[in-house]
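work-v7.json, holding JSON, C-alpha atoms:
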[["chain", "number", "residue", "atom", "x", "y", "z"],
["Z", 215, "MET", "CA", 91.23, 80.58, 54.77],
["Z", 216, "SER", "CA", 87.78, 82.19, 54.66],
["Z", 217, "ALA", "CA", 86.15, 83.95, 57.60],
["Z", 218, "ARG", "CA", 83.63, 81.10, 57.76],
["Z", 219, "ASP", "CA", 86.44, 78.50, 57.96],
["Z", 220, "THR", "CA", 88.15, 80.54, 60.67],
["Z", 221, "GLY", "CA", 84.91, 80.71, 62.64],
["Z", 222, "THR", "CA", 84.42, 76.97, 62.36],
["Z", 223, "ARG", "CA", 87.92, 76.25, 63.60],
["Z", 224, "LEU", "CA", 87.45, 78.62, 66.52],
["Z", 225, "ARG", "CA", 84.17, 76.97, 67.48],
["Z", 226, "VAL", "CA", 85.68, 73.49, 67.35],
["Z", 227, "ALA", "CA", 88.66, 74.70, 69.36],
["Z", 228, "ALA", "CA", 86.34, 76.25, 71.92],
["Z", 229, "ILE", "CA", 84.36, 73.03, 72.32],
["Z", 230, "THR", "CA", 87.59, 71.08, 72.71],
["Z", 231, "ALA", "CA", 88.86, 73.47, 75.36],
["Z", 232, "LEU", "CA", 85.61, 73.69, 77.28],
["Z", 233, "LEU", "CA", 84.34, 70.13, 77.35],
["Z", 234, "PRO", "CA", 86.95, 67.77, 78.82],
["Z", 235, "LEU", "CA", 85.39, 64.51, 79.97],
["Z", 236, "LEU", "CA", 81.77, 65.60, 79.82],
["Z", 237, "VAL", "CA", 80.84, 61.98, 79.44],
["Z", 238, "LEU", "CA", 81.72, 61.54, 83.09],
["Z", 239, "THR", "CA", 80.09, 64.62, 84.53],
["Z", 240, "ALA", "CA", 77.02, 64.46, 82.33],
["Z", 241, "CYS", "CA", 76.11, 60.80, 82.60],
["Z", 242, "GLY", "CA", 77.38, 59.60, 85.94],
["Z", 243, "SER", "CA", 78.94, 56.21, 86.58],
["Z", 244, "ASP", "CA", 78.10, 52.84, 88.03],
["Z", 245, "ASP", "CA", 81.61, 52.65, 89.41],
["Z", 246, "THR", "CA", 81.71, 52.30, 93.19],
["Z", 247, "SER", "CA", 85.44, 52.64, 93.77],
["Z", 248, "GLY", "CA", 85.21, 56.37, 94.46],
["Z", 249, "ALA", "CA", 87.92, 57.10, 91.91],
["Z", 250, "THR", "CA", 87.33, 59.89, 89.40],
["Z", 251, "PRO", "CA", 89.56, 59.97, 86.32],
["Z", 252, "ALA", "CA", 91.85, 62.95, 86.10],
["Z", 253, "GLY", "CA", 90.39, 65.95, 84.33],
["Z", 254, "ALA", "CA", 86.73, 65.21, 85.06],
["Z", 255, "GLN", "CA", 84.95, 68.55, 85.42],
["Z", 256, "ALA", "CA", 81.82, 70.41, 84.38],
["Z", 257, "SER", "CA", 82.00, 72.58, 81.27],
["Z", 258, "ALA", "CA", 80.01, 74.97, 79.13],
["Z", 259, "ALA", "CA", 78.39, 74.50, 75.75],
["Z", 260, "PRO", "CA", 78.97, 76.54, 72.57],
["Z", 261, "THR", "CA", 76.97, 79.74, 72.74],
["Z", 262, "ASP", "CA", 75.97, 80.19, 69.08],
["Z", 263, "ASP", "CA", 72.31, 79.36, 68.51],
["Z", 264, "PRO", "CA", 71.30, 78.55, 64.92],
["Z", 265, "VAL", "CA", 67.92, 77.30, 66.17],
["Z", 266, "ALA", "CA", 66.81, 80.72, 67.45],
["Z", 267, "ALA", "CA", 65.97, 82.02, 63.97],
["Z", 268, "VAL", "CA", 63.85, 79.00, 62.96],
["Z", 269, "ARG", "CA", 60.17, 79.79, 62.46],
["Z", 270, "LYS", "CA", 57.02, 77.74, 61.92],
["Z", 271, "VAL", "CA", 56.37, 76.63, 58.35],
["Z", 272, "ASP", "CA", 52.62, 76.34, 57.95],
["Z", 273, "SER", "CA", 52.71, 73.93, 55.01],
["Z", 274, "VAL", "CA", 54.89, 71.52, 57.01],
["Z", 275, "ALA", "CA", 52.95, 71.95, 60.25],
["Z", 276, "ALA", "CA", 49.78, 71.06, 58.34],
["Z", 277, "LEU", "CA", 51.18, 67.55, 57.90],
["Z", 278, "LEU", "CA", 50.77, 66.87, 61.62],
["Z", 279, "PRO", "CA", 47.61, 65.09, 62.79],
["Z", 280, "ALA", "CA", 44.90, 67.54, 63.84],
["Z", 281, "ASP", "CA", 44.98, 66.44, 67.50],
["Z", 282, "VAL", "CA", 48.72, 67.11, 67.71],
["Z", 283, "ARG", "CA", 48.33, 70.56, 66.13],
["Z", 284, "GLU", "CA", 45.58, 71.32, 68.62],
["Z", 285, "ALA", "CA", 47.58, 70.11, 71.62],
["Z", 286, "GLY", "CA", 50.72, 71.90, 70.39],
["Z", 287, "MET", "CA", 52.95, 69.46, 72.23],
["Z", 288, "LEU", "CA", 54.86, 66.23, 71.64],
["Z", 289, "ARG", "CA", 56.28, 63.91, 74.31],
["Z", 290, "VAL", "CA", 59.90, 63.03, 73.60],
["Z", 291, "GLY", "CA", 61.80, 60.19, 75.23],
["Z", 292, "SER", "CA", 65.35, 61.48, 75.18],
["Z", 293, "SER", "CA", 68.54, 59.59, 75.98],
["Z", 294, "ILE", "CA", 71.11, 62.11, 77.21],
["Z", 295, "GLY", "CA", 74.56, 60.64, 76.71],
["Z", 296, "PHE", "CA", 77.67, 62.57, 75.75],
["Z", 297, "PRO", "CA", 78.81, 65.32, 73.38],
["Z", 298, "PRO", "CA", 78.40, 66.12, 70.61],
["Z", 299, "GLY", "CA", 75.05, 64.30, 70.46],
["Z", 300, "ALA", "CA", 73.24, 65.12, 73.71],
["Z", 301, "TYR", "CA", 74.64, 65.86, 77.17],
["Z", 302, "TYR", "CA", 74.20, 68.06, 80.23],
["Z", 303, "PRO", "CA", 76.62, 71.04, 80.21],
["Z", 304, "ASP", "CA", 77.96, 72.59, 83.40],
["Z", 305, "GLY", "CA", 76.50, 69.92, 85.65],
["Z", 306, "GLN", "CA", 74.29, 72.47, 87.40],
["Z", 307, "GLY", "CA", 70.76, 71.64, 86.32],
["Z", 308, "LYS", "CA", 70.94, 73.38, 82.96],
["Z", 309, "PRO", "CA", 68.93, 71.99, 80.01],
["Z", 310, "PRO", "CA", 70.58, 69.38, 77.80],
["Z", 311, "ALA", "CA", 72.65, 70.53, 74.82],
["Z", 312, "GLY", "CA", 74.08, 68.94, 71.71],
["Z", 313, "GLN", "CA", 73.50, 68.23, 68.06],
["Z", 314, "ASP", "CA", 70.47, 65.97, 68.65],
["Z", 315, "ILE", "CA", 68.90, 68.52, 70.99],
["Z", 316, "ASP", "CA", 69.33, 71.35, 68.46],
["Z", 317, "ILE", "CA", 67.91, 69.32, 65.56],
["Z", 318, "ALA", "CA", 64.89, 68.20, 67.60],
["Z", 319, "ASP", "CA", 64.23, 71.75, 68.82],
["Z", 320, "ALA", "CA", 64.53, 73.14, 65.28],
["Z", 321, "VAL", "CA", 62.08, 70.52, 63.95],
["Z", 322, "ALA", "CA", 59.63, 71.44, 66.71],
["Z", 323, "ARG", "CA", 59.85, 75.13, 65.76],
["Z", 324, "ILE", "CA", 59.07, 74.35, 62.12],
["Z", 325, "LEU", "CA", 56.11, 72.23, 63.21],
["Z", 326, "GLY", "CA", 54.89, 74.87, 65.66],
["Z", 327, "VAL", "CA", 54.88, 72.53, 68.67],
["Z", 328, "LYS", "CA", 56.60, 72.37, 72.03],
["Z", 329, "LEU", "CA", 58.63, 69.36, 73.12],
["Z", 330, "GLU", "CA", 57.98, 67.80, 76.49],
["Z", 331, "ARG", "CA", 61.36, 66.16, 76.88],
["Z", 332, "GLN", "CA", 61.61, 63.26, 79.31],
["Z", 333, "ASP", "CA", 65.01, 61.79, 80.13],
["Z", 334, "ALA", "CA", 65.16, 58.03, 79.73],
["Z", 335, "SER", "CA", 67.83, 55.36, 79.52],
["Z", 336, "PHE", "CA", 68.64, 54.40, 75.95],
["Z", 337, "GLU", "CA", 67.40, 50.82, 76.13],
["Z", 338, "THR", "CA", 63.95, 51.79, 77.50],
["Z", 339, "ILE", "CA", 62.89, 54.31, 74.84],
["Z", 340, "LEU", "CA", 62.00, 52.11, 71.87],
["Z", 341, "PRO", "CA", 59.78, 49.75, 73.93],
["Z", 342, "ALA", "CA", 58.11, 52.79, 75.52],
["Z", 343, "LEU", "CA", 57.08, 54.11, 72.10],
["Z", 344, "ALA", "CA", 54.89, 51.07, 71.56],
["Z", 345, "SER", "CA", 53.23, 51.56, 74.95],
["Z", 346, "GLY", "CA", 52.34, 55.16, 74.06],
["Z", 347, "LYS", "CA", 54.52, 56.73, 76.74],
["Z", 348, "TYR", "CA", 56.35, 58.85, 74.15],
["Z", 349, "ASP", "CA", 55.40, 60.21, 70.73],
["Z", 350, "VAL", "CA", 58.99, 60.24, 69.50],
["Z", 351, "GLY", "CA", 62.35, 58.97, 70.72],
["Z", 352, "THR", "CA", 65.82, 60.47, 70.34],
["Z", 353, "GLY", "CA", 69.21, 59.19, 71.38],
["Z", 354, "ASN", "CA", 71.35, 58.49, 68.32],
["Z", 355, "PHE", "CA", 69.19, 55.53, 67.31],
["Z", 356, "GLY", "CA", 70.80, 53.77, 64.36],
["Z", 357, "VAL", "CA", 68.49, 52.41, 61.67],
["Z", 358, "THR", "CA", 68.85, 48.64, 61.56],
["Z", 359, "THR", "CA", 66.90, 45.87, 59.87],
["Z", 360, "GLU", "CA", 65.92, 44.42, 63.25],
["Z", 361, "ARG", "CA", 64.67, 47.74, 64.64],
["Z", 362, "LEU", "CA", 62.68, 48.46, 61.50],
["Z", 363, "LYS", "CA", 60.47, 45.48, 62.33],
["Z", 364, "ALA", "CA", 59.07, 47.31, 65.34],
["Z", 365, "VAL", "CA", 59.90, 51.01, 64.92],
["Z", 366, "ASP", "CA", 59.63, 53.68, 62.22],
["Z", 367, "PHE", "CA", 62.52, 56.09, 61.65],
["Z", 368, "VAL", "CA", 62.93, 59.55, 60.16],
["Z", 369, "THR", "CA", 66.63, 60.09, 59.48],
["Z", 370, "TYR", "CA", 68.54, 63.25, 60.34],
["Z", 371, "ILE", "CA", 72.23, 62.28, 60.34],
["Z", 372, "ASN", "CA", 74.63, 59.50, 59.39],
["Z", 373, "ASP", "CA", 76.81, 58.26, 62.25],
["Z", 374, "GLY", "CA", 77.53, 54.66, 63.16],
["Z", 375, "GLN", "CA", 79.87, 52.34, 65.00],
["Z", 376, "GLY", "CA", 83.47, 52.92, 66.01],
["Z", 377, "PHE", "CA", 86.08, 51.88, 68.58],
["Z", 378, "ALA", "CA", 88.38, 53.64, 71.03],
["Z", 379, "VAL", "CA", 91.04, 52.53, 73.50],
["Z", 380, "LYS", "CA", 92.92, 54.11, 76.34],
["Z", 381, "LYS", "CA", 95.81, 56.12, 74.94],
["Z", 382, "GLY", "CA", 98.98, 54.07, 74.91],
["Z", 383, "ASN", "CA", 97.21, 50.70, 74.62],
["Z", 384, "PRO", "CA", 99.97, 48.41, 73.30],
["Z", 385, "THR", "CA", 97.64, 45.74, 71.89],
["Z", 386, "LEU", "CA", 95.10, 47.69, 69.84],
["Z", 387, "THR", "CA", 96.75, 50.46, 67.86],
["Z", 388, "THR", "CA", 95.23, 50.30, 64.38],
["Z", 389, "LYS", "CA", 91.77, 50.75, 62.90],
["Z", 390, "VAL", "CA", 89.39, 47.91, 63.76],
["Z", 391, "THR", "CA", 88.06, 46.48, 60.49],
["Z", 392, "ASP", "CA", 87.46, 42.91, 61.62],
["Z", 393, "LEU", "CA", 86.06, 41.79, 64.98],
["Z", 394, "THR", "CA", 88.73, 39.10, 65.24],
["Z", 395, "GLN", "CA", 91.03, 41.98, 66.20],
["Z", 396, "LEU", "CA", 89.08, 42.07, 69.48],
["Z", 397, "CYS", "CA", 89.70, 38.40, 70.35],
["Z", 398, "GLY", "CA", 90.97, 38.00, 73.90],
["Z", 399, "GLN", "CA", 89.97, 41.57, 74.79],
["Z", 400, "THR", "CA", 87.24, 42.94, 77.07],
["Z", 401, "VAL", "CA", 84.91, 45.27, 75.16],
["Z", 402, "GLY", "CA", 82.67, 47.82, 76.87],
["Z", 403, "THR", "CA", 79.52, 49.18, 75.26],
["Z", 404, "GLY", "CA", 76.03, 50.56, 75.93],
["Z", 405, "ALA", "CA", 72.98, 48.52, 76.85],
["Z", 406, "GLY", "CA", 70.37, 48.07, 74.14],
["Z", 407, "THR", "CA", 72.57, 49.54, 71.42],
["Z", 408, "THR", "CA", 73.51, 48.39, 67.93],
["Z", 409, "PHE", "CA", 77.00, 47.94, 69.36],
["Z", 410, "GLU", "CA", 75.81, 45.37, 71.88],
["Z", 411, "ALA", "CA", 73.80, 43.62, 69.16],
["Z", 412, "THR", "CA", 76.76, 43.49, 66.77],
["Z", 413, "LEU", "CA", 79.17, 42.19, 69.40],
["Z", 414, "THR", "CA", 76.71, 39.54, 70.55],
["Z", 415, "ALA", "CA", 75.80, 38.38, 67.03],
["Z", 416, "LYS", "CA", 79.44, 38.11, 65.94],
["Z", 417, "LYS", "CA", 80.91, 36.60, 69.09],
["Z", 418, "GLY", "CA", 81.60, 33.30, 67.34],
["Z", 419, "VAL", "CA", 84.17, 34.80, 64.96],
["Z", 420, "CYS", "CA", 86.99, 34.26, 67.46],
["Z", 421, "ALA", "CA", 86.28, 30.55, 67.87],
["Z", 422, "GLU", "CA", 86.10, 30.22, 64.09],
["Z", 423, "ALA", "CA", 89.53, 31.84, 63.90],
["Z", 424, "GLY", "CA", 90.92, 29.57, 66.63],
["Z", 425, "LYS", "CA", 91.30, 32.47, 69.04],
["Z", 426, "LYS", "CA", 90.17, 33.26, 72.56],
["Z", 427, "PRO", "CA", 86.73, 34.94, 72.50],
["Z", 428, "TYR", "CA", 86.28, 38.56, 73.42],
["Z", 429, "ASP", "CA", 84.27, 39.42, 76.52],
["Z", 430, "VAL", "CA", 81.50, 42.04, 76.41],
["Z", 431, "LYS", "CA", 80.63, 44.26, 79.34],
["Z", 432, "VAL", "CA", 77.44, 46.31, 79.00],
["Z", 433, "TYR", "CA", 76.82, 49.63, 80.75],
["Z", 434, "SER", "CA", 73.61, 51.61, 81.08],
["Z", 435, "GLU", "CA", 75.45, 54.94, 81.28],
["Z", 436, "SER", "CA", 78.04, 56.27, 78.83],
["Z", 437, "GLY", "CA", 80.19, 57.78, 81.56],
["Z", 438, "ALA", "CA", 80.52, 54.41, 83.25],
["Z", 439, "THR", "CA", 82.02, 52.95, 80.08],
["Z", 440, "LEU", "CA", 84.73, 55.60, 79.92],
["Z", 441, "THR", "CA", 85.47, 55.18, 83.62],
["Z", 442, "ALA", "CA", 85.89, 51.44, 83.12],
["Z", 443, "LEU", "CA", 88.27, 52.06, 80.20],
["Z", 444, "GLN", "CA", 90.40, 54.53, 82.15],
["Z", 445, "GLN", "CA", 90.57, 52.22, 85.15],
["Z", 446, "GLY", "CA", 91.59, 49.24, 83.02],
["Z", 447, "ARG", "CA", 88.45, 47.16, 83.61],
["Z", 448, "ILE", "CA", 87.84, 47.03, 79.87],
["Z", 449, "ASP", "CA", 90.31, 47.18, 76.98],
["Z", 450, "ILE", "CA", 88.24, 48.87, 74.28],
["Z", 451, "VAL", "CA", 84.98, 50.79, 73.85],
["Z", 452, "MET", "CA", 82.51, 50.37, 71.00],
["Z", 453, "SER", "CA", 80.25, 53.41, 70.61],
["Z", 454, "THR", "CA", 79.23, 56.16, 68.19],
["Z", 455, "ILE", "CA", 81.72, 57.43, 65.63],
["Z", 456, "ASN", "CA", 81.07, 61.09, 66.42],
["Z", 457, "GLY", "CA", 81.08, 60.57, 70.17],
["Z", 458, "LEU", "CA", 84.35, 58.63, 70.25],
["Z", 459, "ARG", "CA", 86.03, 61.01, 67.80],
["Z", 460, "PHE", "CA", 84.96, 63.98, 69.93],
["Z", 461, "GLN", "CA", 86.09, 62.28, 73.13],
["Z", 462, "ALA", "CA", 89.54, 61.49, 71.72],
["Z", 463, "ALA", "CA", 90.01, 65.20, 70.95],
["Z", 464, "GLN", "CA", 89.79, 66.00, 74.67],
["Z", 465, "PRO", "CA", 93.31, 65.75, 76.18],
["Z", 466, "ALA", "CA", 92.01, 64.81, 79.63],
["Z", 467, "ALA", "CA", 90.11, 61.80, 78.29],
["Z", 468, "GLN", "CA", 93.35, 60.04, 77.26],
["Z", 469, "THR", "CA", 91.62, 57.93, 74.60],
["Z", 470, "SER", "CA", 92.57, 57.06, 71.03],
["Z", 471, "PHE", "CA", 89.92, 56.72, 68.31],
["Z", 472, "LEU", "CA", 90.42, 53.58, 66.22],
["Z", 473, "GLY", "CA", 88.29, 54.66, 63.29],
["Z", 474, "GLU", "CA", 84.92, 53.87, 61.78],
["Z", 475, "TYR", "CA", 83.74, 50.28, 61.76],
["Z", 476, "HIS", "CA", 80.22, 50.52, 60.28],
["Z", 477, "ARG", "CA", 78.18, 53.55, 59.19],
["Z", 478, "LEU", "CA", 74.48, 53.78, 60.05],
["Z", 479, "ASP", "CA", 71.73, 56.26, 59.36],
["Z", 480, "VAL", "CA", 70.42, 57.77, 62.59],
["Z", 481, "GLY", "CA", 66.86, 58.93, 63.07],
["Z", 482, "PHE", "CA", 63.96, 60.02, 65.21],
["Z", 483, "ALA", "CA", 62.13, 56.89, 66.36],
["Z", 484, "PHE", "CA", 58.35, 56.38, 66.28],
["Z", 485, "THR", "CA", 55.95, 53.57, 66.98],
["Z", 486, "LYS", "CA", 55.24, 51.52, 63.86],
["Z", 487, "GLY", "CA", 52.73, 53.27, 61.62],
["Z", 488, "SER", "CA", 52.97, 56.60, 63.43],
["Z", 489, "PRO", "CA", 51.25, 59.48, 61.57],
["Z", 490, "LEU", "CA", 54.08, 61.79, 62.66],
["Z", 491, "THR", "CA", 56.77, 60.54, 60.29],
["Z", 492, "THR", "CA", 55.70, 62.53, 57.21],
["Z", 493, "ALA", "CA", 55.72, 65.81, 59.14],
["Z", 494, "PHE", "CA", 59.10, 65.11, 60.76],
["Z", 495, "GLN", "CA", 60.66, 64.15, 57.43],
["Z", 496, "ALA", "CA", 59.38, 67.36, 55.83],
["Z", 497, "ALA", "CA", 60.65, 69.41, 58.78],
["Z", 498, "VAL", "CA", 64.16, 67.92, 58.59],
["Z", 499, "ASN", "CA", 64.24, 68.55, 54.84],
["Z", 500, "GLU", "CA", 63.13, 72.14, 55.46],
["Z", 501, "LEU", "CA", 66.08, 72.59, 57.84],
["Z", 502, "ILE", "CA", 68.44, 71.15, 55.21],
["Z", 503, "LYS", "CA", 67.05, 73.37, 52.47],
["Z", 504, "GLY", "CA", 67.17, 76.51, 54.60],
["Z", 505, "GLY", "CA", 70.75, 76.02, 55.83],
["Z", 506, "THR", "CA", 69.96, 75.69, 59.55],
["Z", 507, "TYR", "CA", 70.86, 72.00, 59.45],
["Z", 508, "ALA", "CA", 74.35, 72.76, 58.13],
["Z", 509, "ARG", "CA", 74.86, 75.43, 60.79],
["Z", 510, "ILE", "CA", 73.86, 73.03, 63.58],
["Z", 511, "LEU", "CA", 76.32, 70.39, 62.38],
["Z", 512, "GLU", "CA", 79.03, 73.04, 61.97],
["Z", 513, "LYS", "CA", 78.41, 74.16, 65.55],
["Z", 514, "TRP", "CA", 78.99, 70.64, 66.88],
["Z", 515, "GLY", "CA", 81.79, 69.62, 64.52],
["Z", 516, "THR", "CA", 79.77, 66.85, 62.83],
["Z", 517, "THR", "CA", 79.56, 68.18, 59.27],
["Z", 518, "ALA", "CA", 81.06, 64.95, 57.93],
["Z", 519, "SER", "CA", 77.90, 63.14, 59.08],
["Z", 520, "ALA", "CA", 75.47, 65.35, 57.13],
["Z", 521, "ILE", "CA", 72.74, 63.78, 55.00],
["Z", 522, "HIS", "CA", 71.40, 65.32, 51.79],
["Z", 523, "ALA", "CA", 67.75, 64.47, 52.48],
["Z", 524, "SER", "CA", 65.76, 62.87, 55.28],
["Z", 525, "GLN", "CA", 64.26, 59.43, 54.64],
["Z", 526, "VAL", "CA", 61.55, 57.36, 56.29],
["Z", 527, "ASN", "CA", 62.69, 53.81, 57.06],
["Z", 528, "PRO", "CA", 65.68, 53.51, 54.73],
["Z", 529, "PRO", "CA", 67.28, 50.05, 54.57],
["Z", 530, "GLU", "CA", 70.21, 49.40, 56.87],
["Z", 531, "HIS", "CA", 73.64, 50.15, 55.39],
["Z", 532, "THR", "CA", 75.52, 46.94, 54.74]]
Now, as a test, write the supplied structure out as structure tokens.
Amino acid sequence: MSARDTGTRLRVAAITALLPLLVLTACGSDDTSGATPAGAQASAAPTDDPVAAVRKVDSVAALLPADVREAGMLRVGSSIGFPPGAYYPDGQGKPPAGQDIDIADAVARILGVKLERQDASFETILPALASGKYDVGTGNFGVTTERLKAVDFVTYINDGQGFAVKKGNPTLTTKVTDLTQLCGQTVGTGAGTTFEATLTAKKGVCAEAGKKPYDVKVYSESGATLTALQQGRIDIVMSTINGLRFQAAQPAAQTSFLGEYHRLDVGFAFTKGSPLTTAFQAAVNELIKGGTYARILEKWGTTASAIHASQVNPPEHT
């Protein structure tokens, strides 16, 4: 094994050891029972910082509109969910951390601008782009045909939809490849997500198969979904592939990842026709070319989700 491979394994091991159940401490819960699942605690983030060495690239920065270059600032609506995407480490008022945070910060450095990051719930960000509240949105937004009607995307990773259950679930033990496997179950997911849209659009599959329909419970906070799973109020969670895989690696979470269901490109979101997309695409490609992108994904254990080049508004994967 090379020194680089050893370093990667040590970093992944460190994240696993240091981040048990961050989804609970970082995102809160809408649970009112007062019960906190075993193992919930605040934790630290990896300390390596591949973003620190990133510098402004004048030719890329020149692609920004003149008023943005002059202001030197972009307003970002940011959904802070759970590792490895974006979360709050330590639970003590520290800035958010994660793969999405690092990529956005690195893009800003290349463009020579500061990010004014504003926390927002996932389902409110895309509508707020159209109103002009934010210049760009982040939050693991999957590129879908429906979203492309109203929003422009600049891709930076490939993630998608997956499922997880409480460890030891006797009913769901194999990879979910067909939604009829969910019939008769209660599925928890996030509000305004592609997961909610998929579950809603496909809800008739159980009736077509002569089975009891599945029930969908929607949560505004990621931590609330995990709490519901651990307390037996839902049977299965539908969420991001990387997030559920990461969560299942934490012993305290007591969840089992049931595999990938549907891959999606993930991107920065902009109002339709935004003049920012060309600059962001060039900045992401500069990170890929220079190796910083690979180091960020290595840091967060998401190398399998790397893209070879950023795209503006690619078609949805089918």
Identify, on the basis of all atoms listed in the file, every residue whose closest approach to Ala493 (chain Z) does not exceed 10 Å; exclude the query and any residue fewer than 4 positions from it along the same chain; express the result as a ChimeraX atom specification.
-> /Z:273-279,321,324-325,368,489,497-499
Close residues, Arg323 (chain Z) itself excluded, 6 Å, only C-alpha atoms, min 3 positions apart in chain, as a VMD selection string | chain Z and resid 269 to 270 320 326
One decimal, Å: what's the distance from CA of Ile448 (chain Z) over to CA of Ser519 (chain Z), could you say?
->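 Spanning CA of Ile448 (chain Z) to CA of Ser519 (chain Z) is a straight-line distance of 28.1 Å.
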Could you name the residues that touch region 450-462 of chain Z at 9 Å or less, counting only C-alpha atoms, but leaving out those on the same chain fewer than 3 positions away, as a ChimeraX atom specification?
-> /Z:230,234-237,296-299,354,373-381,386,396,399-404,407-410,413,436,439-440,443,465-477,515-516,519
Polymer residues at most 10 Å from region 262-268 of chain Z, all atoms listed in the file, same-chain spacing of 3 or more positions, as a ChimeraX atom specification = /Z:225,259,271,316-324,501,504-513
List as a tab-separated table (two decimals) with C-alpha atoms, keeping the file's coordinate frame the residues having at least one atom at most 6 Å from position (55.5, 63.9, 67.6) as given in the file, counting all atoms listed in the file.
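Heads up, here's the output in selection-v9.tsv:
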chain	number	residue	atom	x	y	z
Z	288	LEU	CA	54.86	66.23	71.64
Z	349	ASP	CA	55.40	60.21	70.73
Z	350	VAL	CA	58.99	60.24	69.50
Z	490	LEU	CA	54.08	61.79	62.66
Which residue, Z:Pro529, Z:Gly487, Z:Gly382, Z:Gly446, has the smallest gap to Val365 (chain Z) when you use only C-alpha atoms?
->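 Of Z:Pro529, Z:Gly487, Z:Gly382, Z:Gly446, the one nearest Val365 (chain Z) is Z:Gly487, counting only C-alpha atoms.
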